[in-house]
Amino acid sequence: MFSEIKDYRAVFEILVTKTADYLIQNNIKAQILGISGGIDSTVCAAICHEVSKRINIPLIGRSLPTAFNKKDEINSADLVGKAFCNDYKEVNIQNWYTEISDQLFYTEKTPRKIICNGNIQARLRMMYLYDLAGNNNGIVIDTDNLTENNLGYFTIHGDVGDFNPIGGLWKTEVFKLAEWIMNWYGSYTHTYFYTDSPEMIEYKQGNLYKARAIKESLKLQPTAGLGITNNDLEELGAESYEQVDSILQEILAWKWLSNKRGDTFGPTWTMRDAFLEEQQMLDMPIDVIIAVTDRHFNSEFKRNKLPIKINREEII
């Protein structure tokens with residue numbers, strides 16, 4: 001059901017071309033990107049940077065950290081922003097977050113839930129990015145991958161944008177694409193010329209900086225940076241994204257088969273129950289299967305209004 005990607009050069013070219021086409025067709029004047037330092041926003045930065053080079057539509061990037069973001073995340077975001085963006089800065093939004101969460105606490109007189117505090121941060125970032133988009137006749141680039149979409153690892157009216165270049169890629173594929181892009185930029189730094197002009201030296205150094213930015217991003221543990229969990233895998237109890245992606249692919253394949261069979265479900269026998277009854281992933285820890293399954297089925301409502309994305313069928 002899910003074909004394996006063989007040629008990441010071709011995938012990168014498709015993502016750049018289709019993103020550029022969308023911007024041109026809709027008369028978009030700027031690409032607005034929130035940069036976390038994580039691999040998803042880094043890959044989107046590389047895609048949008050190449051788009052900018054081809055059609056001269058600038059990439060405006062912002063790192064919007066709070067106290068929950070670790071130093072290595074902030075440093076990685078800084079490297080990525082400076083390497084790929086036409087306009088980049090870091091804006092710490094901790095004071096805004098503190099003021100709003102405190103006001104909500106004083107007004108409602110109820111204890112704050114960790115997940116609600118995380119949602120405030122995500123929505124503050126999106127307010128900032130959409131304000132930039134409005135002032136620059138631009139759109140906000142969505143950075144969620146296919147794995148995150150199927151787990152519901154995003155905040156409605158928060159870390160969701162207008163157009164998603166990587167929405168058709170599993171998390172494991174985003175890592176592999178990042179490695180390809182890193183090596184691609186790195187290969188230009190070793191290109192031999194009989195005489196290196198100042199322009200060529202600057203070009204090589206720029207590509208070396210881009211390769212380094214991606215390398216640093218690849219080192220980070222994937223996390224939303226909202227202070228909810230230390231990393232994304234921790235909550236699921238999974239060892240790797242290979243495990244998570246395999247389970248999600250099994251779920252989607254089963255849902256397709258169930259639909260073809262005309263299976264019916266109700267409040268006492270749900271799709272989740274039926275899948276767990278039929279699944280035969282004997283090589284996976286059962287607690288991880290249940291955790292991923294619960295995340296997927298409990299977040300179904302979130303997937304009803306996802307942003308425009310480059311679909312997997314257009315990539316493979």
# chains A, B, ... in the order shown; residues from 1 in each chain; ligands from 1
>>> residues_around(residues="A:Cys116", least_positions_apart="3", cutoff="12 Å", atoms="only C-alpha atoms", output="list in words")
Tyr97, Ile100, Ser101, Leu104, Phe105, Thr110, Pro111, Arg112, Lys113, Asn119, Ile120, Gln121, Ala122, Arg123, Thr155, Ile156, Gly158, Leu226, Gly227 and Ile228 of chain A
>>> select_by_dssp(residues="stretch 23-193 of chain A", states="helix (DSSP H, G or I)", output="ChimeraX atom specification")
/A:23-25,39-55,71-84,94-108,114-135,146-151,171-188
>>> residues_around(residues="A:Ser240", least_positions_apart="2", cutoff="12 Å", atoms="only C-alpha atoms", output="list in words")
Lys171, Thr172, Gln221, Pro222, Asn231, Asp232, Leu233, Glu234, Glu235, Leu236, Gly237, Ala238, Glu242, Gln243, Val244, Asp245, Ser246, Ile247, Met284 and Val288 of chain A
>>> write_last_selection(atoms="C-alpha atoms", output="PDB file, in the first residue's frame")
ATOM      1  CA  LYS A 171       8.940  10.664   9.742  1.00  0.00           C
ATOM      2  CA  THR A 172      11.527   8.040   8.800  1.00  0.00           C
ATOM      3  CA  GLN A 221      15.532  14.191  19.546  1.00  0.00           C
ATOM      4  CA  PRO A 222      12.186  15.049  17.885  1.00  0.00           C
ATOM      5  CA  ASN A 231      10.616  13.709  23.137  1.00  0.00           C
ATOM      6  CA  ASP A 232       7.903  12.378  20.830  1.00  0.00           C
ATOM      7  CA  LEU A 233       8.818   8.693  21.192  1.00  0.00           C
ATOM      8  CA  GLU A 234       8.751   8.830  24.997  1.00  0.00           C
ATOM      9  CA  GLU A 235       4.983   9.257  25.137  1.00  0.00           C
ATOM     10  CA  LEU A 236       4.436   6.184  22.949  1.00  0.00           C
ATOM     11  CA  GLY A 237       7.043   4.028  24.638  1.00  0.00           C
ATOM     12  CA  ALA A 238       8.509   3.302  21.209  1.00  0.00           C
ATOM     13  CA  GLU A 242      10.582   2.819  12.288  1.00  0.00           C
ATOM     14  CA  GLN A 243       8.353   1.101  14.843  1.00  0.00           C
ATOM     15  CA  VAL A 244       5.804   3.914  14.865  1.00  0.00           C
ATOM     16  CA  ASP A 245       5.627   4.244  11.079  1.00  0.00           C
ATOM     17  CA  SER A 246       5.231   0.473  10.652  1.00  0.00           C
ATOM     18  CA  ILE A 247       2.289   0.405  13.065  1.00  0.00           C
ATOM     19  CA  MET A 284       6.150  -5.292  17.945  1.00  0.00           C
ATOM     20  CA  VAL A 288       3.531   0.297  21.769  1.00  0.00           C
TER      21      VAL A 288
END
>>> closest_residue(among="A:Lys18, A:Glu216, A:Trp269, A:Gly206", to="A:Ile74", atoms="only C-alpha atoms")
A:Glu216
>>> atom_distance(atom1="atom CA of A:Ile32", atom2="atom CA of A:Asn137")
9.9 Å
>>> closest_residue(among="A:Thr42, A:Ser52, A:Asn86, A:Thr268", to="A:Leu177", atoms="only C-alpha atoms")
A:Thr42
>>> closest_residue(among="A:Phe84, A:Asn311, A:Trp170, A:His296", to="A:Ala211", atoms="only C-alpha atoms")
A:Phe84
>>> select_by_dssp(residues="stretch 40-273 of chain A", states="strand (DSSP E or B)", output="number ranges by chain")
A: 59-63, 87-90, 138-141, 163-164
>>> closest_residue(among="A:Cys85, A:Ile251, A:Ile39, A:Ile286", to="A:Glu73", atoms="only C-alpha atoms")
A:Ile39
>>> residues_around(residues="A:Gly152", least_positions_apart="6", cutoff="9 Å", atoms="only C-alpha atoms", output="ChimeraX atom specification")
/A:295-296,298-303
>>> atom_distance(atom1="atom CA of A:Ala83", atom2="atom CA of A:Glu179")
16.2 Å
